[in-house]
Structure formats: structure tokens, C-alpha cells
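Dropping model30.cif in here (mmCIF, C-alpha atoms):
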```cif
data_upload
#
loop_
_atom_site.label_atom_id
_atom_site.label_comp_id
_atom_site.auth_asym_id
_atom_site.auth_seq_id
_atom_site.Cartn_x
_atom_site.Cartn_y
_atom_site.Cartn_z
CA MET A 165 -29.58 -26.60 -8.61
CA ASP A 166 -28.84 -24.33 -5.66
CA LYS A 167 -26.90 -21.23 -6.74
CA ARG A 168 -26.14 -19.01 -3.81
CA VAL A 169 -24.03 -16.00 -2.84
CA ILE A 170 -23.23 -15.68 0.86
CA PHE A 171 -21.99 -12.30 2.01
CA SER A 172 -19.98 -12.75 5.18
CA VAL A 173 -18.21 -10.59 7.73
CA ALA A 174 -14.56 -10.79 8.70
CA GLY A 175 -13.71 -13.88 10.75
CA SER A 176 -17.09 -15.55 10.26
CA GLY A 177 -15.64 -18.78 8.87
CA LYS A 178 -16.38 -18.47 5.16
CA THR A 179 -13.37 -20.58 4.17
CA SER A 180 -14.43 -23.22 6.71
CA TYR A 181 -17.89 -23.15 5.18
CA ILE A 182 -16.41 -24.02 1.78
CA ILE A 183 -14.20 -26.76 3.20
CA ASP A 184 -17.09 -28.24 5.21
CA GLY A 185 -19.05 -28.62 1.97
CA LEU A 186 -16.38 -30.76 0.34
CA GLU A 187 -16.38 -34.54 0.49
CA GLU A 188 -13.71 -36.99 -0.55
CA SER A 189 -15.74 -37.96 -3.60
CA SER A 190 -16.62 -34.39 -4.58
CA ARG A 191 -16.15 -33.18 -8.13
CA ALA A 192 -15.61 -29.58 -7.16
CA LEU A 193 -14.14 -26.51 -8.81
CA VAL A 194 -12.77 -24.08 -6.20
CA VAL A 195 -11.65 -20.67 -7.45
CA THR A 196 -10.11 -17.79 -5.52
CA TYR A 197 -8.26 -14.64 -6.53
CA THR A 198 -4.76 -14.77 -5.02
CA ASP A 199 -1.98 -17.36 -4.77
CA LYS A 200 -2.04 -16.90 -0.99
CA ASN A 201 -5.74 -17.77 -0.78
CA ALA A 202 -5.32 -20.75 -3.09
CA LEU A 203 -2.49 -22.09 -0.92
CA ASN A 204 -4.63 -21.64 2.19
CA LEU A 205 -7.46 -23.60 0.58
CA ARG A 206 -5.11 -26.42 -0.45
CA VAL A 207 -3.74 -26.61 3.09
CA ARG A 208 -7.24 -26.74 4.55
CA VAL A 209 -8.35 -29.47 2.12
CA PHE A 210 -5.20 -31.46 2.90
CA ARG A 211 -5.85 -31.19 6.64
CA LYS A 212 -9.39 -32.46 6.17
CA PHE A 213 -8.62 -35.49 4.01
CA GLY A 214 -4.89 -36.11 4.49
CA TYR A 215 -4.42 -35.46 0.77
CA ILE A 216 -6.11 -33.46 -1.99
CA PRO A 217 -8.71 -35.68 -3.68
CA ALA A 218 -8.43 -35.91 -7.45
CA GLY A 219 -11.91 -34.51 -8.02
CA ILE A 220 -11.25 -31.29 -6.09
CA LYS A 221 -9.54 -28.72 -8.29
CA ILE A 222 -8.31 -25.51 -6.65
CA TYR A 223 -7.42 -22.69 -9.01
CA THR A 224 -6.40 -19.09 -8.72
CA TYR A 225 -8.80 -17.10 -10.89
CA TYR A 226 -6.35 -16.44 -13.71
CA ARG A 227 -5.11 -20.01 -13.79
CA PHE A 228 -8.73 -21.11 -14.11
CA LEU A 229 -9.37 -18.49 -16.79
CA TYR A 230 -6.31 -19.35 -18.87
CA SER A 231 -5.72 -23.08 -18.28
CA PHE A 232 -9.28 -24.34 -17.93
CA CYS A 233 -11.27 -21.88 -20.02
CA CYS A 234 -9.17 -20.27 -22.71
CA LYS A 235 -6.45 -22.73 -23.74
CA PRO A 236 -8.66 -25.82 -24.19
CA ILE A 237 -11.41 -23.93 -26.00
CA LEU A 238 -9.60 -21.22 -28.00
CA GLY A 239 -6.06 -22.61 -28.04
CA HIS A 240 -6.14 -23.71 -31.69
CA GLU A 241 -7.99 -20.68 -33.01
CA ILE A 242 -6.03 -18.14 -30.96
CA PRO A 243 -2.62 -19.60 -29.96
CA SER A 244 -1.19 -17.80 -26.94
CA LYS A 245 1.92 -17.79 -24.79
CA GLY A 246 0.56 -16.80 -21.42
CA ILE A 247 -0.87 -13.63 -19.91
CA THR A 248 0.40 -10.07 -19.89
CA TRP A 249 -0.58 -7.50 -17.26
CA GLU A 250 0.26 -4.60 -19.53
CA LEU A 251 -2.65 -2.38 -20.48
CA PRO A 252 -4.14 -3.13 -23.92
CA PRO A 253 -3.88 -0.52 -26.71
CA ARG A 254 -6.63 2.06 -26.31
CA PHE A 255 -7.64 2.31 -29.95
CA ALA A 256 -7.50 -1.29 -31.19
CA LYS A 257 -10.85 -2.27 -32.68
CA LYS A 258 -12.90 -4.55 -30.44
CA THR A 259 -13.28 -6.95 -33.33
CA SER A 260 -9.52 -7.17 -33.90
CA ILE A 261 -7.21 -9.73 -32.31
CA GLU A 262 -4.95 -6.86 -31.17
CA HIS A 263 -7.70 -5.88 -28.74
CA TYR A 264 -7.04 -9.11 -26.81
CA VAL A 265 -3.52 -10.33 -27.68
CA ASP A 266 -0.20 -8.47 -27.71
CA ALA A 267 2.60 -8.76 -30.27
CA SER A 268 4.20 -11.59 -28.26
CA ARG A 269 0.97 -13.63 -28.40
CA ARG A 270 0.19 -13.05 -24.74
CA LEU A 271 -3.40 -12.46 -23.70
CA TYR A 272 -4.28 -9.19 -22.00
CA GLY A 273 -5.36 -10.35 -18.54
CA ASN A 274 -8.17 -7.84 -18.18
CA ARG A 275 -9.82 -8.97 -21.44
CA ILE A 276 -9.63 -12.77 -21.33
CA ALA A 277 -13.16 -13.03 -19.96
CA LYS A 278 -14.35 -10.61 -22.62
CA LEU A 279 -12.59 -12.63 -25.33
CA LEU A 280 -14.52 -15.74 -24.29
CA ASP A 281 -17.74 -13.78 -24.64
CA VAL A 282 -16.92 -12.13 -27.97
CA ALA A 283 -15.73 -15.46 -29.39
CA GLY A 284 -19.11 -16.93 -28.54
CA VAL A 285 -17.70 -19.90 -26.62
CA PHE A 286 -19.66 -19.58 -23.38
CA PRO A 287 -21.92 -22.53 -24.28
CA GLU A 288 -18.80 -24.66 -24.75
CA LEU A 289 -17.37 -23.40 -21.45
CA ILE A 290 -20.58 -24.21 -19.60
CA GLU A 291 -20.59 -27.69 -21.15
CA ARG A 292 -16.98 -28.18 -20.09
CA ILE A 293 -17.75 -27.18 -16.49
CA GLU A 294 -20.75 -29.50 -16.34
CA LYS A 295 -18.64 -32.35 -17.70
CA TYR A 296 -16.00 -32.19 -14.98
CA PHE A 297 -17.74 -30.71 -11.94
CA ASP A 298 -20.87 -30.98 -9.82
CA TYR A 299 -20.00 -28.02 -7.58
CA ILE A 300 -18.50 -24.57 -8.08
CA TYR A 301 -17.08 -22.64 -5.13
CA ILE A 302 -15.88 -19.07 -5.61
CA ASP A 303 -13.98 -17.48 -2.70
CA GLU A 304 -13.40 -13.72 -2.24
CA VAL A 305 -16.16 -12.98 -4.73
CA GLN A 306 -16.08 -9.27 -3.85
CA ASP A 307 -12.78 -8.87 -5.72
CA PHE A 308 -14.23 -9.83 -9.11
CA ALA A 309 -14.56 -6.73 -11.27
CA GLY A 310 -14.54 -5.54 -14.89
CA ASN A 311 -15.15 -8.25 -17.48
CA ASP A 312 -14.44 -10.90 -14.85
CA PHE A 313 -17.63 -10.02 -12.97
CA ASN A 314 -19.62 -10.51 -16.17
CA LEU A 315 -18.08 -13.97 -16.59
CA LEU A 316 -18.94 -14.78 -12.97
CA CYS A 317 -22.60 -13.99 -13.63
CA ARG A 318 -22.58 -16.09 -16.80
CA LEU A 319 -21.35 -19.11 -14.82
CA ALA A 320 -24.82 -19.21 -13.25
CA GLU A 321 -25.94 -20.81 -16.53
CA ALA A 322 -24.08 -24.01 -15.59
CA ASP A 323 -26.33 -26.78 -14.26
CA VAL A 324 -24.20 -27.44 -11.19
CA GLN A 325 -24.48 -26.36 -7.57
CA GLN A 326 -22.74 -23.05 -6.98
CA LEU A 327 -21.61 -21.24 -3.84
CA LEU A 328 -20.00 -17.81 -3.98
CA VAL A 329 -18.70 -16.30 -0.74
CA GLY A 330 -17.16 -12.96 0.12
CA ASP A 331 -17.33 -9.78 2.15
CA PHE A 332 -18.39 -6.72 0.17
CA PHE A 333 -16.49 -4.43 2.54
CA GLN A 334 -13.25 -6.37 2.11
CA HIS A 335 -13.15 -5.28 -1.52
CA THR A 336 -9.57 -3.98 -1.61
CA PHE A 337 -8.40 -5.32 -4.99
CA ASP A 338 -9.93 -5.86 -8.43
CA THR A 339 -9.30 -8.95 -10.52
CA SER A 340 -9.03 -6.52 -13.43
CA ARG A 341 -10.24 -3.22 -14.82
CA ASP A 342 -11.11 -2.38 -18.40
CA GLY A 343 -12.18 1.21 -18.91
CA ASN A 344 -15.71 1.78 -17.63
CA VAL A 345 -16.75 -1.89 -17.64
CA ASN A 346 -18.54 -2.34 -14.30
CA GLY A 347 -16.76 0.80 -13.15
CA ASN A 348 -19.46 1.56 -10.56
CA LEU A 349 -19.89 -2.04 -9.45
CA HIS A 350 -18.90 -1.50 -5.82
CA ASP A 351 -20.47 1.92 -5.30
CA ASP A 352 -23.60 0.62 -3.59
CA TYR A 353 -24.06 -2.62 -1.64
CA SER A 354 -27.77 -3.05 -2.42
CA THR A 355 -27.26 -2.51 -6.14
CA TYR A 356 -24.33 -4.92 -6.06
CA LYS A 357 -26.42 -7.67 -4.44
CA ALA A 358 -29.21 -7.07 -6.96
CA LYS A 359 -26.86 -7.91 -9.83
CA PHE A 360 -26.39 -11.43 -8.43
CA VAL A 361 -30.14 -11.87 -8.03
CA GLU A 362 -30.60 -10.78 -11.65
CA ALA A 363 -28.02 -13.37 -12.73
CA GLY A 364 -29.97 -16.15 -10.99
CA PHE A 365 -28.31 -16.43 -7.57
CA VAL A 366 -29.95 -16.46 -4.16
CA VAL A 367 -28.30 -13.85 -1.90
CA ASP A 368 -27.80 -14.64 1.80
CA SER A 369 -26.48 -11.91 4.11
CA ASP A 370 -27.41 -13.58 7.40
CA LEU A 371 -25.73 -16.99 7.61
CA LEU A 372 -22.18 -15.65 8.12
CA SER A 373 -23.00 -12.31 9.74
CA HIS A 374 -21.23 -13.02 13.07
CA SER A 375 -17.47 -13.15 13.61
CA TYR A 376 -15.64 -15.86 15.56
CA ARG A 377 -12.36 -13.95 15.35
CA CYS A 378 -13.38 -10.53 16.62
CA SER A 379 -14.68 -9.74 20.08
CA PRO A 380 -17.92 -7.79 20.66
CA THR A 381 -15.69 -4.80 21.53
CA VAL A 382 -13.90 -4.82 18.17
CA CYS A 383 -17.16 -5.49 16.31
CA ALA A 384 -18.84 -2.55 18.07
CA PHE A 385 -15.95 -0.24 17.14
CA VAL A 386 -16.16 -1.26 13.47
CA SER A 387 -19.96 -0.98 13.34
CA GLU A 388 -20.10 2.39 15.06
CA ASN A 389 -17.05 4.06 13.52
CA LEU A 390 -16.83 2.57 10.02
CA GLY A 391 -20.53 1.98 9.48
CA ILE A 392 -19.94 -1.67 8.57
CA ASP A 393 -22.34 -3.99 10.36
CA ILE A 394 -20.51 -6.85 12.06
CA GLN A 395 -21.50 -8.85 15.11
CA SER A 396 -19.64 -11.38 17.24
CA HIS A 397 -20.31 -14.96 18.31
CA ARG A 398 -18.24 -14.24 21.41
CA ALA A 399 -19.23 -12.77 24.78
CA ASP A 400 -15.83 -11.61 26.07
CA GLU A 401 -14.72 -7.98 26.05
CA THR A 402 -11.31 -6.90 24.79
CA GLU A 403 -9.43 -3.63 24.54
CA VAL A 404 -9.79 -1.05 21.75
CA THR A 405 -7.46 1.81 22.58
CA LEU A 406 -5.84 4.88 21.04
CA ILE A 407 -2.23 5.00 22.25
CA GLU A 408 -1.08 8.58 22.82
CA CYS A 409 1.85 7.89 25.15
CA ARG A 410 5.07 7.62 23.13
CA GLU A 411 6.63 5.21 25.63
CA HIS A 412 3.61 2.90 25.39
CA ALA A 413 3.64 3.20 21.59
CA ASN A 414 7.30 2.18 21.49
CA ARG A 415 6.65 -0.84 23.74
CA ILE A 416 3.99 -1.98 21.27
CA PHE A 417 6.31 -1.40 18.30
CA ASN A 418 9.07 -3.45 19.93
CA CYS A 419 6.71 -6.28 20.86
CA CYS A 420 7.41 -9.14 18.45
CA GLU A 421 3.98 -10.65 19.12
CA THR A 422 1.93 -7.58 18.13
CA VAL A 423 1.71 -6.88 14.41
CA LYS A 424 1.93 -3.23 13.31
CA LEU A 425 -0.29 -2.55 10.31
CA PHE A 426 0.44 0.48 8.12
CA TYR A 427 -1.70 2.00 5.39
CA GLN A 428 1.19 1.47 2.97
CA ALA A 429 4.98 1.07 2.77
CA SER A 430 5.23 -1.12 5.89
CA ASN A 431 8.52 -2.45 4.52
CA ARG A 432 10.11 0.89 5.38
CA TYR A 433 9.83 -0.01 9.05
CA ASP A 434 11.73 -2.54 11.11
CA GLY A 435 10.02 -5.32 13.01
CA PHE A 436 6.72 -7.18 12.70
CA THR A 437 4.85 -5.03 10.15
CA GLU A 438 2.45 -5.36 7.22
CA ASN A 439 0.11 -3.18 5.15
CA TRP A 440 -3.59 -2.92 6.07
CA GLY A 441 -4.97 -4.50 2.90
CA ALA A 442 -2.28 -7.18 2.60
CA THR A 443 -3.57 -8.97 5.71
CA LYS A 444 -6.89 -9.93 4.13
CA GLY A 445 -7.58 -13.62 4.70
CA GLN A 446 -5.08 -13.89 7.57
CA ASN A 447 -6.14 -15.20 10.98
CA CYS A 448 -2.82 -15.43 12.77
CA TYR A 449 -2.74 -12.32 14.94
CA GLU A 450 -3.72 -11.95 18.60
CA ASP A 451 -3.14 -8.26 19.33
CA VAL A 452 -3.13 -5.81 16.41
CA CYS A 453 -1.73 -2.29 16.26
CA VAL A 454 -3.23 -0.23 13.44
CA VAL A 455 -0.94 2.66 12.54
CA LEU A 456 -2.97 5.67 11.39
CA ASN A 457 -1.60 7.88 8.62
CA PRO A 458 -2.18 11.64 9.17
CA SER A 459 -5.43 12.00 7.22
CA THR A 460 -6.97 8.91 8.81
CA PHE A 461 -5.83 9.96 12.28
CA LYS A 462 -7.51 13.34 11.79
CA LEU A 463 -10.81 11.63 10.95
CA PHE A 464 -10.30 9.24 13.88
CA GLN A 465 -10.02 12.21 16.25
CA GLU A 466 -13.17 13.74 14.74
CA SER A 467 -15.08 10.42 15.02
CA ALA A 468 -15.54 10.69 11.26
CA LEU A 469 -13.91 7.54 9.87
CA LYS A 470 -17.07 6.90 7.84
CA LYS A 471 -15.90 9.75 5.57
CA LEU A 472 -12.86 7.79 4.41
CA ALA A 473 -12.70 6.94 0.72
CA PRO A 474 -14.33 3.51 0.21
CA GLN A 475 -11.11 1.67 -0.66
CA THR A 476 -9.28 3.19 2.31
CA LYS A 477 -12.15 2.41 4.66
CA ASN A 478 -12.26 -1.16 3.42
CA LYS A 479 -8.53 -1.59 4.03
CA LEU A 480 -8.93 -0.15 7.53
CA TYR A 481 -11.79 -2.59 8.14
CA VAL A 482 -9.54 -5.45 7.06
CA ALA A 483 -6.80 -4.25 9.42
CA CYS A 484 -9.07 -3.79 12.45
CA THR A 485 -10.71 -7.17 12.02
CA ARG A 486 -7.43 -9.12 12.07
CA ALA A 487 -7.49 -8.79 15.87
CA ASN A 488 -8.34 -11.95 17.76
CA ARG A 489 -7.88 -10.00 20.98
CA HIS A 490 -6.83 -6.39 21.62
CA LEU A 491 -6.87 -3.60 19.01
CA PHE A 492 -4.55 -0.61 19.38
CA PHE A 493 -4.33 2.57 17.30
CA VAL A 494 -1.13 4.61 17.07
CA PRO A 495 -0.58 7.82 15.05
CA GLU A 496 2.03 7.22 12.36
CA ALA A 497 4.02 10.24 13.53
CA MET A 498 4.98 8.34 16.69
CA TYR A 499 6.87 5.76 14.66
CA LYS A 500 9.04 8.02 12.49
CA GLN A 501 12.15 7.00 14.42
CA HIS A 502 11.56 3.34 13.48
CA ARG A 503 11.88 3.93 9.75
CA LYS A 504 14.78 2.12 8.11
#
```
Please go through the file and, once you have read it, give me the structure as C-alpha cells.
Amino acid sequence: MDKRVIFSVAGSGKTSYIIDGLEESSRALVVTYTDKNALNLRVRVFRKFGYIPAGIKIYTYYRFLYSFCCKPILGHEIPSKGITWELPPRFAKKTSIEHYVDASRRLYGNRIAKLLDVAGVFPELIERIEKYFDYIYIDEVQDFAGNDFNLLCRLAEADVQQLLVGDFFQHTFDTSRDGNVNGNLHDDYSTYKAKFVEAGFVVDSDLLSHSYRCSPTVCAFVSENLGIDIQSHRADETEVTLIECREHANRIFNCCETVKLFYQASNRYDGFTENWGATKGQNCYEDVCVVLNPSTFKLFQESALKKLAPQTKNKLYVACTRANRHLFFVPEAMYKQHRK
């Protein structure tokens, strides 16, 4: 069975690649991290077939973990009433139920995958997957972390075709964290890819290495300034510009067709705004204005954006690569008067 991880770049069509692999008769498990991504996948499947075929099951990761994995397999032995996002007690023994379940019988979200392992039910889970599905698709694989990454690797044991897709440099969230479990997982791209190879996956970094969304101009800016290799399928040139004229900056802010992307707290500003990282997965913007907070603007001026902290750099990469056309940069100080 083919078990493959494809590392893509922004706008390369990874969601389309998943959808293209589905047929009306498919028995396919499709898992992604967020509700927004799951909705997008359902919409895309509906557009393809005119309905969602019964054999295609689209889950958010935690719905899959709780409803498909935990409840049917451990529901009698460990009755539960949902998931809590509170942090587990630090000193509960790993062999105790309190390590995994709170006083209200809710499972600690960051330890559900670990509970499946400690309970020794992975063989049963693999059997259950093989019973209902012939294909596994995992979207946004780069966001799996902590115990959830270990579960992801164990899924390779299932005798079904598997396709995992994601963009290492769009790692802006973690499915969960649990102390030092896989704490250094995203520190090094080569080491990260090697973990999938060790688990039994073939790693492909070439198939989706070119962007349909971003122009060669935007791709060149990202490659040269962020150190993230991205190329374009397109041949047209667009604009990548630092706006230093306040009048021009205000025209962009007041333009209802140009989204203004802030590092954080975009809701404090009027108009068409969003946070850098929150736009991941979105392909609805023509021109994009990236608003640079003071520390990032300083590095921008020094041509030193590669020195950004990894999570900040990844969020900036997400923001820049939302642009289907022109990409503008504006120092945050120019927009103080637009705060609510």
C-alpha cells in the first residue's frame, strides 16, 4: 500500500490534490485540524459530486480522535463526557486514570492519543480503520504535535493507502502539547521529514513545490527574505512594495477589497482586517497588505526577516502568500489612528 507524505508550498493545490483522489465509490477517511478546514473540504467534495458520498467521512482531528477512536473502543472501560482543553494535573501518575480524565469525566484533549497507546488498543484501532476505509487522507499534517504526532506515525501500520499533505513552514498551531513530548519536532525540517520515513512513509517534496496562487514576484520575495523555498507556476509579475507614504497607506486601509493582515489583535481595527496566522488555508484575497509590527518592521528594514522567531516567520509566510496579486507592506505605526 502506498503511504506518502507530500510537503507542499502555499497555493500549490494540496486540497485539490486530495479532492482529485476521491471517487464517488471511495471509502475514505479525511482528517484535518480545524473546523474551517473541515468545512472547506466538505464544500469541495459537494462541488465535485453534488453531494457527499456515504463512504467519504470528513472529520476534524479531535472529532476523529474522540468519536471514531476513543468512544467505540474505550467507551465501556473508560466512560467519558467529552473533551476538556484544561491542562492535566502535573503530578498525576501516568498509570492513573486522573492522568487522562478530569473529575467531570472529560478526557484531556492533549492526552487522548496517549491514552489509546497506554491502553494498548492500537491494534483494535488499526483493525477498525481497515474495516471501514481503503484510504486515509490527512490535511495540514504540519500542525500535528505532541502525542498526536505519535498517533499519526502509528497509523502507518494500517493496511490502507495513505496520503498526508502539509506545508512545514505553515506550522502556526499545534494540535496539542504535553510537556516535552515531541517538543523539538519542528526545529529542523530535515529531521522532521526523517521521522516520517522512519514510520514507513515515502516523503515527496517536489510534486507540490510550485504555487498557483502566488506570482513569481511574491515567491521571490518569500524565498529571498524568509528563506522559504517557493516557486510559481505563473509567469506574470506583480507588485511587492513597502508603503512609506501615509496618504497611500490610508488609501490601502480604506480599500474594502484589500485585506489588512496584522500580527495580532486585528479586531482592534476597523475595516477589512485579519491576523496573519488566521488566514491559513484561505484563497480569497487579490491584493494583500501585511501590517508590520515594530520588531518585524525593524528586521524588514535591515533585510533580516530570516532572524524572526520560527512561529512568527511562519505566520508572516502565511500572510504574504495569501496574495493572488499585489503584496503591500505597511508599518503598524501608520495605522494607529484606525484603532477602535
Listed atoms of segment 450-468 of chain A, axis-aligned box, 4 Å per side: centre and edge lengths to one decimal in Å, as lines of an AutoDock Vina configuration file?
```
center_x = -8.2
center_y = 0.9
center_z = 13.3
size_x = 22.6
size_y = 33.7
size_z = 20.1
```
Practice task
Can you work out which one of A:His502, A:Lys221, A:Arg341, A:Lys245 has the shortest atom-to-atom distance to Lys424 of chain A, counting all atoms listed in the file?
Solution key: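 Using all atoms listed in the file, the shortest distance to Lys424 of chain A belongs to A:His502.
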Exercise for the section: Expand the PyMOL selection byres ((chain A and resi 190-203) around 9) into the individual residues it matches in the shown file, reporting them as a ChimeraX atom specification. Expected result: /A:182,186-189,204-208,217-226,228,293,296-305,307-308,339,445
Practice task
Please evaluate the PyMOL selection byres ((chain A and resi 450) around 12) against the structure above and give the resulting residues as a list in words.
Solution key: Arg377, Cys378, Ser379, Thr402, Glu403, Cys420, Glu421, Thr422, Val423, Lys424, Gln446, Asn447, Cys448, Tyr449, Asp451, Val452, Cys453, Cys484, Thr485, Arg486, Ala487, Asn488, Arg489, His490, Leu491 and Phe492 of chain A
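Among the candidate residues A:Leu279, A:Tyr272, A:Leu327, A:Ala256, the one lying nearest to Leu238 of chain A is A:Leu279, with distances computed using all atoms listed in the file.
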Exercise for the section: List every protein, DNA or RNA residue that has an atom no more than 12 Å from (-2.7, -21.1, -30.0) in the file's coordinate frame, counting only C-alpha atoms, and report them as a PyMOL selection string. Expected result: chain A and resi 230+234-246+265+268-271
Handout entry: Picked residues, the PyMOL selection byres ((chain A and resi 444) around 9), expected as a ChimeraX atom specification
Key = /A:174,334,336,440-443,445-447,479,482-483,486
Problem - Counting only C-alpha atoms, the option among A:Asp352, A:Asp331, A:Asp166, A:Asp281 closest to Thr179 of chain A - result: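 Between A:Asp352, A:Asp331, A:Asp166, A:Asp281, the residue approaching Thr179 of chain A most closely is A:Asp331.
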Exercise for the section: Go through A:Leu251, A:Leu425, A:Ile290, A:Ile170 one by one, measure the shortest atom-to-atom distance of each to Asp323 of chain A using all atoms listed in the file, and give the residue with the smallest value. Expected result: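 When distances to Asp323 of chain A are compared using all atoms listed in the file, the smallest one comes from A:Ile290.
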Practice task
Mind listing whatever residues come within 9 Å of the point (-25.4, -16.7, -15.1)? Use all atoms listed in the file, file coordinates, and give them as a list in words.
Solution key: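 So the residues meeting the distance criterion are Asn314, Leu315, Leu316, Cys317, Arg318, Leu319, Ala320, Glu321, Ala322, Phe360, Glu362, Ala363, Gly364 and Phe365 of chain A.
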Exercise for the section: Identify, on the basis of all atoms listed in the file, every residue whose closest approach to segment 367-376 of chain A does not exceed 7 Å; exclude the query and any residue fewer than 5 positions from it along the same chain; express the result as a list in words. Expected result: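 Surrounding residues, per the criterion: Arg168, Val169, Ile170, Phe171, Ser172, Val173, Ala174, Gly175, Ser176, Lys357, Val361, Ile394, Gln395, Ser396, His397 and Arg398 of chain A.
Using all atoms listed in the file, the shortest contact distance between Glu408 of chain A and any of A:Asn389, A:Gln428, A:Gln465, A:Asn439 is found at A:Gln465.
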Exercise for the section: For segment 495-500 of chain A, please output as a VMD selection string all residues within 12 Å (counting all atoms listed in the file; exclusion window: fewer than 3 positions along the same chain). Expected result: chain A and resid 405 to 418 424 to 430 432 to 435 437 453 to 465 492 503 to 504
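Our summary of the geometry notes that atom CA of Leu390 of chain A is positioned 7.5 Å from atom CA of Tyr481 of chain A.
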Practice task
Might you pull out every residue within 6 Å of Gly273 of chain A, with only C-alpha atoms counted and same-chain residues fewer than 6 positions away left off, and present them as a ChimeraX atom specification?
Solution key: /A:247-249
Could you give me segment 365-382 of chain A completed to N, CA and C atoms, formatted as an mmCIF file, keeping the file's coordinate frame?
```
data_model
loop_
_atom_site.group_PDB
_atom_site.id
_atom_site.type_symbol
_atom_site.label_atom_id
_atom_site.label_comp_id
_atom_site.auth_asym_id
_atom_site.auth_seq_id
_atom_site.Cartn_x
_atom_site.Cartn_y
_atom_site.Cartn_z
ATOM 1 N N PHE A 365 -28.784 -15.951 -8.870
ATOM 2 C CA PHE A 365 -28.310 -16.430 -7.570
ATOM 3 C C PHE A 365 -29.260 -16.020 -6.448
ATOM 4 N N VAL A 366 -29.304 -16.836 -5.413
ATOM 5 C CA VAL A 366 -29.950 -16.460 -4.160
ATOM 6 C C VAL A 366 -28.900 -15.765 -3.298
ATOM 7 N N VAL A 367 -29.242 -14.613 -2.728
ATOM 8 C CA VAL A 367 -28.300 -13.850 -1.900
ATOM 9 C C VAL A 367 -28.641 -14.042 -0.431
ATOM 10 N N ASP A 368 -27.628 -14.401 0.361
ATOM 11 C CA ASP A 368 -27.800 -14.640 1.800
ATOM 12 C C ASP A 368 -26.809 -13.746 2.558
ATOM 13 N N SER A 369 -27.332 -12.809 3.337
ATOM 14 C CA SER A 369 -26.480 -11.910 4.110
ATOM 15 C C SER A 369 -26.527 -12.212 5.603
ATOM 16 N N ASP A 370 -27.197 -13.287 5.990
ATOM 17 C CA ASP A 370 -27.410 -13.580 7.400
ATOM 18 C C ASP A 370 -26.571 -14.740 7.935
ATOM 19 N N LEU A 371 -26.346 -15.757 7.121
ATOM 20 C CA LEU A 371 -25.730 -16.990 7.610
ATOM 21 C C LEU A 371 -24.354 -16.748 8.244
ATOM 22 N N LEU A 372 -23.545 -15.893 7.630
ATOM 23 C CA LEU A 372 -22.180 -15.650 8.120
ATOM 24 C C LEU A 372 -22.020 -14.189 8.548
ATOM 25 N N SER A 373 -22.981 -13.714 9.329
ATOM 26 C CA SER A 373 -23.000 -12.310 9.740
ATOM 27 C C SER A 373 -22.324 -12.063 11.087
ATOM 28 N N HIS A 374 -21.870 -13.142 11.766
ATOM 29 C CA HIS A 374 -21.230 -13.020 13.070
ATOM 30 C C HIS A 374 -19.785 -13.531 12.993
ATOM 31 N N SER A 375 -18.894 -12.818 13.650
ATOM 32 C CA SER A 375 -17.470 -13.150 13.610
ATOM 33 C C SER A 375 -17.069 -14.034 14.791
ATOM 34 N N TYR A 376 -16.274 -15.061 14.503
ATOM 35 C CA TYR A 376 -15.640 -15.860 15.560
ATOM 36 C C TYR A 376 -14.325 -15.204 15.990
ATOM 37 N N ARG A 377 -13.681 -14.513 15.069
ATOM 38 C CA ARG A 377 -12.360 -13.950 15.350
ATOM 39 C C ARG A 377 -12.449 -12.721 16.256
ATOM 40 N N CYS A 378 -13.353 -11.830 15.952
ATOM 41 C CA CYS A 378 -13.380 -10.530 16.620
ATOM 42 C C CYS A 378 -14.314 -10.522 17.818
ATOM 43 N N SER A 379 -13.886 -9.863 18.854
ATOM 44 C CA SER A 379 -14.680 -9.740 20.080
ATOM 45 C C SER A 379 -15.841 -8.775 19.856
ATOM 46 N N PRO A 380 -16.841 -8.781 20.746
ATOM 47 C CA PRO A 380 -17.920 -7.790 20.660
ATOM 48 C C PRO A 380 -17.380 -6.357 20.710
ATOM 49 N N THR A 381 -16.277 -6.141 21.428
ATOM 50 C CA THR A 381 -15.690 -4.800 21.530
ATOM 51 C C THR A 381 -15.178 -4.328 20.170
ATOM 52 N N VAL A 382 -14.437 -5.179 19.483
ATOM 53 C CA VAL A 382 -13.900 -4.820 18.170
ATOM 54 C C VAL A 382 -15.049 -4.665 17.171
#
```
